[in-house]
$ cat data_23.cif   # mmCIF, C-alpha atoms
data_coords
#
loop_
_atom_site.label_atom_id
_atom_site.label_comp_id
_atom_site.auth_asym_id
_atom_site.auth_seq_id
_atom_site.Cartn_x
_atom_site.Cartn_y
_atom_site.Cartn_z
CA MET A 632 96.22 160.24 97.21
CA SER A 633 92.54 159.75 98.05
CA GLU A 634 91.66 160.36 94.41
CA THR A 635 93.81 157.55 93.15
CA ILE A 636 92.10 155.10 95.52
CA SER A 637 88.52 155.97 94.50
CA ASP A 638 89.33 156.40 90.81
CA PRO A 639 89.83 152.76 89.75
CA GLU A 640 86.28 151.72 90.70
CA PRO A 641 84.61 152.47 87.37
CA ASP A 642 87.42 150.61 85.58
CA LEU A 643 86.97 147.50 87.68
CA LYS A 644 83.29 147.16 86.90
CA PRO A 645 83.46 145.41 83.52
CA ILE A 646 85.92 142.86 84.92
CA VAL A 647 83.79 141.71 87.84
CA SER A 648 80.50 142.00 85.97
CA PRO A 649 78.73 138.58 85.90
CA GLY A 650 77.64 138.42 82.25
CA GLY A 651 80.98 139.69 81.02
CA MET A 652 84.07 138.47 79.28
CA ASN A 653 85.36 136.67 82.40
CA TRP A 654 82.58 134.05 82.49
CA ARG A 655 83.02 133.15 78.89
CA LEU A 656 86.74 132.81 79.42
CA LEU A 657 86.15 130.55 82.41
CA ILE A 658 83.74 128.30 80.52
CA ALA A 659 86.06 128.11 77.53
CA GLY A 660 88.94 127.28 79.86
CA VAL A 661 87.02 124.51 81.61
CA ALA A 662 85.86 123.09 78.26
CA LEU A 663 89.40 123.15 76.94
CA ALA A 664 90.73 121.44 80.07
CA LEU A 665 88.01 118.78 79.79
CA ALA A 666 88.77 118.21 76.12
CA LEU A 667 92.47 117.85 76.90
CA LEU A 668 91.73 115.47 79.74
CA VAL A 669 89.42 113.34 77.59
CA SER A 670 91.89 113.18 74.73
CA PHE A 671 94.74 112.38 77.14
CA LEU A 672 92.75 109.56 78.72
CA ALA A 673 91.74 108.29 75.30
CA THR A 674 95.35 108.08 74.13
CA ARG A 675 96.42 106.43 77.35
CA TYR A 676 93.55 103.99 77.08
CA SER A 677 94.30 103.15 73.48
CA ALA A 678 98.00 102.73 74.30
CA TYR A 679 96.98 100.48 77.15
CA ARG A 680 94.62 98.49 74.96
CA ASN A 681 97.24 98.29 72.28
CA VAL A 682 99.75 96.83 74.68
CA GLN A 683 97.23 94.53 76.23
CA GLU A 684 96.13 93.20 72.91
CA ASN A 685 99.36 92.97 71.07
CA PHE A 686 102.12 91.87 73.39
CA TYR A 687 102.49 88.89 75.62
CA GLY A 688 105.48 90.43 77.40
CA GLN A 689 105.26 93.50 79.58
CA ALA A 690 105.73 96.47 77.25
CA LEU A 691 107.61 99.64 78.05
CA VAL A 692 105.46 102.50 76.81
CA PRO A 693 107.11 104.28 75.18
CA ALA A 694 110.01 101.94 74.39
CA LYS A 695 113.30 103.14 75.90
CA GLU A 696 116.62 103.65 74.18
CA ALA A 697 118.42 100.38 75.00
CA PHE A 698 121.54 100.91 77.10
CA ASP A 699 124.51 100.06 74.89
CA PHE A 700 126.46 97.89 77.33
CA ARG A 701 130.17 97.16 76.88
CA LEU A 702 130.99 93.60 77.87
CA MET A 703 133.19 90.75 76.72
CA ASP A 704 131.97 87.91 74.55
CA GLN A 705 132.66 84.22 75.02
CA ASN A 706 135.75 84.50 72.77
CA GLY A 707 137.23 87.20 74.98
CA LYS A 708 136.46 89.98 72.50
CA PRO A 709 134.86 93.31 73.46
CA PHE A 710 131.15 93.26 72.81
CA ARG A 711 128.62 96.07 72.61
CA LEU A 712 124.89 95.69 72.31
CA SER A 713 124.87 98.13 69.38
CA GLN A 714 126.80 95.54 67.31
CA LEU A 715 123.49 93.76 66.99
CA ARG A 716 121.60 96.69 65.46
CA GLY A 717 119.29 95.23 62.82
CA LYS A 718 118.48 92.18 64.94
CA ALA A 719 115.95 91.67 67.69
CA VAL A 720 117.89 90.78 70.84
CA LEU A 721 116.64 88.68 73.73
CA PHE A 722 118.90 88.60 76.77
CA SER A 723 118.91 87.73 80.41
CA PHE A 724 121.31 87.82 83.34
CA GLY A 725 122.43 84.69 85.19
CA PHE A 726 125.42 82.51 86.05
CA THR A 727 126.67 79.12 84.93
CA HIS A 728 126.66 77.50 88.39
CA CYS A 729 122.92 78.06 88.55
CA PRO A 730 121.16 74.68 88.58
CA ASN A 731 117.56 75.65 88.16
CA VAL A 732 116.55 79.10 86.91
CA CYS A 733 119.31 79.74 84.34
CA PRO A 734 119.33 76.39 82.50
CA THR A 735 115.55 76.63 82.39
CA THR A 736 115.69 80.18 81.00
CA LEU A 737 118.20 79.17 78.31
CA SER A 738 116.40 75.98 77.43
CA ASP A 739 113.10 77.90 77.17
CA LEU A 740 114.75 80.53 74.96
CA ALA A 741 116.24 77.78 72.79
CA LYS A 742 112.77 76.34 72.35
CA VAL A 743 111.43 79.78 71.39
CA TYR A 744 114.30 80.35 68.98
CA ARG A 745 113.79 77.03 67.27
CA ALA A 746 110.07 77.68 67.00
CA LEU A 747 110.76 80.79 64.87
CA PRO A 748 110.55 80.43 61.10
CA GLU A 749 113.99 79.93 59.56
CA GLN A 750 114.12 83.39 57.93
CA ASP A 751 113.32 85.11 61.25
CA ARG A 752 115.99 83.23 63.17
CA GLN A 753 118.59 85.19 61.18
CA LYS A 754 117.13 88.37 62.62
CA VAL A 755 117.15 87.28 66.27
CA GLN A 756 120.06 87.00 68.69
CA VAL A 757 119.91 85.50 72.18
CA LEU A 758 122.48 86.63 74.76
CA PHE A 759 123.19 85.40 78.28
CA VAL A 760 125.03 87.85 80.52
CA SER A 761 126.90 86.50 83.54
CA VAL A 762 126.50 88.20 86.90
CA ASP A 763 129.28 85.99 88.28
CA PRO A 764 132.39 87.17 86.39
CA ARG A 765 134.73 85.67 88.99
CA ARG A 766 133.83 82.13 87.96
CA ASP A 767 132.34 82.81 84.52
CA GLN A 768 135.39 83.50 82.38
CA PRO A 769 134.82 83.76 78.60
CA ALA A 770 135.90 80.12 78.09
CA VAL A 771 133.34 78.96 80.63
CA MET A 772 130.62 80.98 78.89
CA LYS A 773 131.65 79.50 75.56
CA ASN A 774 131.22 75.99 76.87
CA TYR A 775 127.96 76.80 78.57
CA VAL A 776 125.76 79.15 76.57
CA PRO A 777 125.99 77.68 73.01
CA TYR A 778 125.15 74.28 74.49
CA PHE A 779 121.51 75.37 74.59
CA ASP A 780 121.63 76.63 71.02
CA GLU A 781 124.78 77.07 69.00
CA SER A 782 123.73 80.57 67.92
CA PHE A 783 123.48 81.84 71.51
CA ILE A 784 126.26 84.10 72.77
CA GLY A 785 127.52 84.24 76.36
CA LEU A 786 128.79 87.56 77.71
CA THR A 787 130.84 88.35 80.75
CA GLY A 788 133.01 91.30 81.74
CA THR A 789 134.57 93.17 84.60
CA GLU A 790 132.49 93.62 87.72
CA PRO A 791 131.87 97.35 87.03
CA GLN A 792 130.86 96.61 83.41
CA ILE A 793 128.36 94.01 84.52
CA ALA A 794 127.07 96.18 87.34
CA GLU A 795 126.52 99.02 84.88
CA ALA A 796 124.65 96.81 82.42
CA ALA A 797 122.50 95.27 85.13
CA LYS A 798 121.66 98.66 86.60
CA ALA A 799 120.61 100.04 83.22
CA TYR A 800 118.04 97.27 82.85
CA GLY A 801 116.98 97.27 86.47
CA ALA A 802 118.42 93.82 87.09
CA PHE A 803 119.52 92.86 90.57
CA TYR A 804 121.96 90.23 91.86
CA GLU A 805 123.75 89.39 95.07
CA ILE A 806 126.21 86.68 96.09
CA SER A 807 124.70 84.28 98.56
CA HIS A 808 126.92 82.11 100.73
CA ASN A 809 125.54 79.10 102.47
CA GLU A 810 127.08 78.67 105.89
CA GLY A 811 130.13 76.44 106.10
CA GLU A 812 130.58 76.32 102.36
CA HIS A 813 133.88 76.66 100.56
CA GLN A 814 134.39 80.24 99.39
CA ASP A 815 134.13 79.23 95.73
CA ASN A 816 130.93 77.42 96.44
CA TYR A 817 128.39 80.19 96.44
CA SER A 818 125.15 80.92 94.74
CA VAL A 819 123.92 84.14 93.19
CA ASN A 820 120.42 85.39 93.81
CA HIS A 821 119.24 87.37 90.85
CA SER A 822 116.25 88.84 89.09
CA ALA A 823 115.29 86.48 86.28
CA PHE A 824 113.86 88.71 83.58
CA THR A 825 114.43 88.44 79.86
CA TYR A 826 114.63 91.70 77.91
CA LEU A 827 113.69 92.22 74.30
CA ILE A 828 115.52 94.89 72.28
CA THR A 829 114.11 95.84 68.89
CA PRO A 830 116.26 95.82 65.72
CA ASN A 831 116.53 99.60 65.99
CA GLY A 832 117.89 99.52 69.49
CA LYS A 833 114.80 100.15 71.60
CA TRP A 834 114.17 98.29 74.83
CA LYS A 835 110.56 97.33 74.30
CA LEU A 836 109.55 94.26 76.31
CA ILE A 837 110.25 92.44 79.55
CA TYR A 838 109.40 88.82 80.32
CA ASN A 839 109.41 87.24 83.72
CA PHE A 840 110.78 83.76 84.28
CA ASP A 841 107.39 82.06 84.20
CA GLN A 842 106.44 83.53 80.82
CA LEU A 843 109.32 82.03 78.85
CA GLY A 844 107.84 78.55 78.75
CA ASP A 845 105.05 79.69 76.41
CA ALA A 846 106.98 79.51 73.13
CA LYS A 847 103.93 80.24 71.01
CA ASN A 848 103.26 83.64 72.58
CA MET A 849 106.96 84.48 72.72
CA VAL A 850 107.26 83.79 68.99
CA ARG A 851 104.22 85.96 68.30
CA ASP A 852 105.83 88.90 70.14
CA ILE A 853 109.15 88.48 68.33
CA GLU A 854 107.48 88.29 64.93
CA GLN A 855 105.51 91.41 65.70
CA VAL A 856 108.62 93.29 66.77
CA LEU A 857 110.37 92.20 63.56
CA ALA A 858 107.37 93.21 61.46
CA GLU A 859 107.19 96.66 63.07
CA SER A 860 110.78 97.55 62.28
CA MET B 223 119.26 56.30 61.95
CA ARG B 224 119.86 59.66 63.65
CA ARG B 225 116.14 60.27 63.61
CA LEU B 226 115.53 56.90 65.20
CA VAL B 227 118.05 57.57 67.96
CA LEU B 228 116.48 60.96 68.63
CA LEU B 229 113.06 59.41 68.71
CA VAL B 230 114.20 56.80 71.22
CA LEU B 231 115.84 59.48 73.37
CA PHE B 232 112.76 61.61 73.18
CA SER B 233 110.41 58.82 74.12
CA LEU B 234 112.71 57.92 76.98
CA CYS B 235 112.29 61.44 78.30
CA VAL B 236 108.58 61.43 77.70
CA TRP B 237 107.58 58.07 79.00
CA SER B 238 109.96 57.41 81.80
CA GLN B 239 108.30 56.56 85.03
CA LEU B 240 110.92 54.30 86.42
CA ASN B 241 110.15 52.84 89.78
CA PHE B 242 112.69 50.47 91.25
CA ALA B 243 113.33 48.88 94.62
CA ASP B 244 111.19 51.05 96.80
CA SER B 245 110.20 51.03 100.35
CA ALA B 246 108.77 54.51 100.68
CA PRO B 247 105.06 54.49 99.79
CA ILE B 248 105.33 56.86 96.87
CA LYS B 249 104.86 57.01 93.16
CA VAL B 250 107.05 59.15 90.94
CA GLU B 251 105.90 60.68 87.68
CA ARG B 252 107.62 62.67 84.95
CA ALA B 253 111.06 62.54 86.53
CA TRP B 254 113.86 64.24 84.61
CA VAL B 255 117.22 65.85 85.12
CA GLN B 256 118.16 69.02 83.27
CA ALA B 257 120.99 68.27 80.84
CA VAL B 258 123.76 70.84 81.32
CA PRO B 259 126.97 71.48 79.40
CA GLU B 260 130.12 69.72 80.55
CA VAL B 261 131.58 72.89 81.97
CA SER B 262 128.82 72.95 84.55
CA ASP B 263 128.89 70.59 87.52
CA THR B 264 125.50 71.47 88.91
CA THR B 265 122.05 70.61 87.74
CA ALA B 266 118.67 69.72 89.18
CA ALA B 267 116.21 66.84 89.21
CA TYR B 268 112.50 67.43 88.78
CA MET B 269 109.53 65.13 89.25
CA LYS B 270 106.09 64.75 90.70
CA ILE B 271 106.08 62.67 93.87
CA ILE B 272 102.78 61.23 94.98
CA ASN B 273 102.39 60.15 98.58
CA LEU B 274 100.35 56.93 98.58
CA SER B 275 100.20 56.68 102.35
CA SER B 276 97.83 58.33 104.78
CA ASN B 277 100.67 60.03 106.63
CA PRO B 278 102.71 63.03 105.57
CA LEU B 279 106.15 62.16 104.22
CA LYS B 280 109.23 64.34 104.24
CA ILE B 281 112.10 64.25 101.78
CA THR B 282 115.11 64.53 104.04
CA GLY B 283 117.89 64.06 101.53
CA ALA B 284 119.07 62.35 98.40
CA SER B 285 122.18 60.96 96.81
CA SER B 286 123.50 59.83 93.46
CA PRO B 287 126.60 57.94 92.35
CA ALA B 288 126.85 60.57 89.59
CA ALA B 289 127.47 63.49 91.95
CA LYS B 290 129.10 64.54 95.19
CA SER B 291 125.85 65.61 96.75
CA VAL B 292 122.15 66.00 96.13
CA GLU B 293 120.14 68.40 98.24
CA PRO B 294 116.49 69.33 98.56
CA MET B 295 116.15 73.00 97.65
CA ILE B 296 113.45 75.57 97.47
CA THR B 297 113.41 78.50 95.08
CA THR B 298 112.99 81.77 96.89
CA ARG B 299 111.23 84.69 95.32
CA LYS B 300 111.53 87.93 97.17
CA THR B 301 110.82 91.46 96.10
CA HIS B 302 113.64 93.96 96.02
CA GLY B 303 112.95 97.48 94.79
CA GLY B 304 109.67 96.39 93.24
CA GLN B 305 111.09 93.48 91.28
CA GLU B 306 111.23 89.78 91.90
CA ILE B 307 114.59 88.25 92.80
CA MET B 308 114.94 84.52 92.49
CA GLY B 309 117.34 82.58 94.62
CA MET B 310 117.51 79.19 96.21
CA GLN B 311 117.90 77.80 99.61
CA SER B 312 118.86 74.40 100.91
CA VAL B 313 116.17 72.96 103.18
CA ASN B 314 116.22 70.10 105.66
CA GLU B 315 112.97 68.71 104.40
CA LEU B 316 110.32 68.96 101.72
CA VAL B 317 106.90 67.81 102.84
CA ILE B 318 104.53 65.68 100.79
CA PRO B 319 101.08 65.78 102.40
CA ALA B 320 99.23 62.55 103.18
CA GLY B 321 97.58 61.30 100.03
CA GLY B 322 98.84 64.37 98.22
CA SER B 323 101.72 65.18 95.96
CA LEU B 324 104.74 67.43 95.61
CA GLU B 325 105.80 68.90 92.32
CA LEU B 326 109.53 69.47 91.89
CA LYS B 327 109.79 71.82 88.93
CA PRO B 328 111.97 74.44 87.27
CA GLY B 329 111.57 77.70 89.14
CA GLY B 330 110.26 75.83 92.17
CA ASP B 331 111.31 73.12 94.61
CA HIS B 332 113.95 70.78 93.24
CA LEU B 333 116.71 68.36 94.06
CA MET B 334 119.95 70.17 93.37
CA ILE B 335 122.69 67.88 92.08
CA MET B 336 126.13 69.22 92.90
CA GLY B 337 129.61 68.12 91.90
CA LEU B 338 128.68 65.97 88.92
CA ASN B 339 131.43 63.46 88.34
CA LEU B 340 130.03 61.29 85.58
CA HIS B 341 128.85 63.96 83.26
CA PRO B 342 125.36 62.93 82.21
CA ARG B 343 124.43 63.54 78.62
CA GLU B 344 121.03 63.95 77.11
CA GLY B 345 119.42 60.54 76.81
CA GLN B 346 121.40 58.97 79.62
CA VAL B 347 119.96 58.22 83.04
CA ILE B 348 121.09 59.20 86.52
CA LYS B 349 120.57 56.91 89.49
CA LEU B 350 119.02 58.71 92.38
CA THR B 351 118.18 57.61 95.90
CA ILE B 352 115.75 59.80 97.79
CA ARG B 353 115.44 59.47 101.56
CA PHE B 354 112.21 60.02 103.42
CA ALA B 355 111.08 60.49 107.02
CA PRO B 356 109.51 59.30 109.24
CA GLY B 357 112.00 56.53 109.79
CA ASP B 358 114.66 55.92 107.22
CA GLN B 359 112.76 55.08 104.07
CA LYS B 360 114.38 55.12 100.70
CA PHE B 361 113.30 55.25 97.12
CA ASP B 362 115.60 54.39 94.23
CA LEU B 363 114.94 55.57 90.75
CA GLU B 364 116.64 56.15 87.45
CA VAL B 365 116.00 59.57 86.01
CA PRO B 366 116.50 60.39 82.34
CA VAL B 367 118.61 63.41 81.43
CA CYS B 368 116.67 65.72 79.13
CA LYS B 369 117.59 68.98 77.49
CA GLU B 370 114.19 70.45 78.15
CA GLU B 371 111.19 69.65 80.26
CA PRO B 372 109.39 66.63 78.78
CA LYS B 373 105.80 67.38 77.84
#
$ encode --input "data_23.cif" --output "structure tokens"
Amino acid sequence: MSETISDPEPDLKPIVSPGGMNWRLLIAGVALALALLVSFLATRYSAYRNVQENFYGQALVPAKEAFDFRLMDQNGKPFRLSQLRGKAVLFSFGFTHCPNVCPTTLSDLAKVYRALPEQDRQKVQVLFVSVDPRRDQPAVMKNYVPYFDESFIGLTGTEPQIAEAAKAYGAFYEISHNEGEHQDNYSVNHSAFTYLITPNGKWKLIYNFDQLGDAKNMVRDIEQVLAES
Amino acid sequence: MRRLVLLVLFSLCVWSQLNFADSAPIKVERAWVQAVPEVSDTTAAYMKIINLSSNPLKITGASSPAAKSVEPMITTRKTHGGQEIMGMQSVNELVIPAGGSLELKPGGDHLMIMGLNLHPREGQVIKLTIRFAPGDQKFDLEVPVCKEEPK
């Protein structure tokens, strides 16, 4: 027993010895870690710079697979986002009884759409998804959404379908009743983002409400997305 | 001809600064109402209101023969789960500081027009009466209906 305890000592020596293999390994390891860190930071920085320089909207890096929602179009037909593969899609959530944010969003998007060169307009589709399916039946959407531009499509659906689509894009909405109001007379508080999906089905950009008014920069983003795909 | 009509409509939206019988000491600039499709019975009026007096003024209400009611509203922006949620809220008053101005604009404070009865089309005007405190001061104006914010 005692022999086995004292025996390993000579074997341990090379391992703990200062000028030995272990030091070199340590230095190589640290150098490798540093190199990895530097290259990681460099890629992140260049991705960051890339985004900063090239897109007006907030970019998702990397772009996400766009959730293929199942809704109903303004003609009452089933509608899936994937039907629009090959086109850049801009869409936002809202409701037709909205006096301020939604008409402004749609009128801004109409301005952007009309500012696109003719040949690019064919490759862009604007959608408006209702978060108020109780009041926004397909016929209502049909009379509302194309008013802003005849190419725009209004979508509605069942409450679970809409909830699923909103959740996938991180959109939020809640019914808001003002006291003493008739039960049909309610407003809907909602997030007012516009999402850009690339022609190959990637969710790439997000715009907040205040960004939509700058048609020039919006057009630049759309053209770049079309050029990249 | 169509071009001419469009041009007239456009200039109406651009140049309108219609001040009528007024008693409230204000000046209104760039007033417009968002044109909405017929299926919608709600819209909003936007404008810049300049208070020419040396006392603060408050918008306490408004009315229009074109709608059931017109209410001063604020747009609320609150954060929920890290993102901004926009909503609106009826308020009893909107304050215009003495010698200052108040901008009613999309995504901000506005006059919400509810229960449109005469459906206003682009290029038409809506009569609007805005009420102010202190006292019972009124300001009448005609606001052009525009499809997008006039530049």
$ residues_around --input "data_23.cif" --residues "Ala799 in chain A" --least-positions-apart "5" --cutoff "12 Å" --atoms "only C-alpha atoms" --output "list in words"
Lys695, Glu696, Ala697, Phe698, Asp699, Phe700, Arg701, Gln792, Ile793, Ala794, Tyr826 and Trp834 of chain A
$ atom_distance --input "data_23.cif" --atom1 "CA of Val732 in chain A" --atom2 "CA of Asn273 in chain B"
26.4 Å
$ interface_residues --input "data_23.cif" --of "chain A" --to "chain B" --cutoff "8 Å" --atoms "all atoms listed in the file" --output "MDAnalysis selection string"
chainID A and resid 727:732 734:735 738:739 771 774:775 778 803:804 818:823 840:841
$ residues_near_point --input "data_23.cif" --point "(116.6, 75.1, 70.3)" --cutoff "12 Å" --atoms "all atoms listed in the file" --output "number ranges by chain"
A: 736-747, 752, 757, 776-783, 846; B: 369-370
$ resolve_selection --input "data_23.cif" --expression "the PyMOL selection byres ((chain B and resi 250) around 6)" --output "list in words"
Lys249, Glu251, Lys270 and Ile271 of chain B
$ resolve_selection --input "data_23.cif" --expression "the PyMOL selection byres ((chain A and resi 717-721) around 7)" --output "list in words"
Leu715, Arg716, Phe722, Lys754, Val755, Gln756, Val757, Leu758, Thr825, Tyr826, Leu827, Ile828, Thr829, Pro830, Asn831 and Leu857 of chain A
$ resolve_selection --input "data_23.cif" --expression "the PyMOL selection byres ((chain A and resi 768) around 12)" --output "PyMOL selection string"
(chain A and resi 702-708+726-727+760-767+769-775+785-790) or (chain B and resi 261)
$ build_atoms --input "data_23.cif" --residues "range 321-344 of chain B" --atoms "N, CA and C atoms" --output "short mmCIF file (atom, residue, chain, number, x, y, z; two decimals), keeping the file's coordinate frame"
data_model
loop_
_atom_site.label_atom_id
_atom_site.label_comp_id
_atom_site.auth_asym_id
_atom_site.auth_seq_id
_atom_site.Cartn_x
_atom_site.Cartn_y
_atom_site.Cartn_z
N GLY B 321 98.46 61.48 101.18
CA GLY B 321 97.58 61.30 100.03
C GLY B 321 97.73 62.37 98.96
N GLY B 322 98.67 63.27 99.17
CA GLY B 322 98.84 64.37 98.22
C GLY B 322 100.11 64.20 97.39
N SER B 323 100.53 65.28 96.79
CA SER B 323 101.72 65.18 95.96
C SER B 323 102.58 66.43 96.08
N LEU B 324 103.81 66.30 95.63
CA LEU B 324 104.74 67.43 95.61
C LEU B 324 105.33 67.51 94.22
N GLU B 325 105.27 68.69 93.66
CA GLU B 325 105.80 68.90 92.32
C GLU B 325 107.18 69.56 92.44
N LEU B 326 108.20 68.85 91.97
CA LEU B 326 109.53 69.47 91.89
C LEU B 326 109.65 69.97 90.47
N LYS B 327 109.81 71.29 90.30
CA LYS B 327 109.79 71.82 88.93
C LYS B 327 110.72 73.02 88.76
N PRO B 328 111.11 73.29 87.51
CA PRO B 328 111.97 74.44 87.27
C PRO B 328 111.33 75.71 87.84
N GLY B 329 112.10 76.48 88.54
CA GLY B 329 111.57 77.70 89.14
C GLY B 329 110.83 77.42 90.44
N GLY B 330 110.92 76.18 90.92
CA GLY B 330 110.26 75.83 92.17
C GLY B 330 111.16 74.92 93.00
N ASP B 331 110.53 74.08 93.81
CA ASP B 331 111.31 73.12 94.61
C ASP B 331 112.03 72.16 93.67
N HIS B 332 113.20 71.73 94.08
CA HIS B 332 113.95 70.78 93.24
C HIS B 332 115.00 70.05 94.06
N LEU B 333 115.56 69.03 93.46
CA LEU B 333 116.71 68.36 94.06
C LEU B 333 117.94 68.87 93.33
N MET B 334 118.76 69.62 94.03
CA MET B 334 119.95 70.17 93.37
C MET B 334 121.05 69.12 93.40
N ILE B 335 121.63 68.88 92.23
CA ILE B 335 122.69 67.88 92.08
C ILE B 335 124.00 68.63 91.93
N MET B 336 124.89 68.44 92.89
CA MET B 336 126.13 69.22 92.90
C MET B 336 127.36 68.35 92.75
N GLY B 337 128.35 68.85 92.08
CA GLY B 337 129.61 68.12 91.90
C GLY B 337 129.43 66.89 91.03
N LEU B 338 128.86 67.08 89.86
CA LEU B 338 128.68 65.97 88.92
C LEU B 338 130.04 65.37 88.59
N ASN B 339 130.16 64.07 88.74
CA ASN B 339 131.43 63.46 88.34
C ASN B 339 131.31 62.73 87.01
N LEU B 340 130.29 61.89 86.88
CA LEU B 340 130.03 61.29 85.58
C LEU B 340 129.15 62.29 84.87
N HIS B 341 129.68 62.91 83.84
CA HIS B 341 128.85 63.96 83.26
C HIS B 341 127.71 63.38 82.44
N PRO B 342 126.49 63.56 82.90
CA PRO B 342 125.36 62.93 82.21
C PRO B 342 124.99 63.67 80.94
N ARG B 343 124.83 62.93 79.88
CA ARG B 343 124.43 63.54 78.62
C ARG B 343 122.96 63.30 78.38
N GLU B 344 122.43 64.10 77.49
CA GLU B 344 121.03 63.95 77.11
C GLU B 344 120.80 62.51 76.67
#
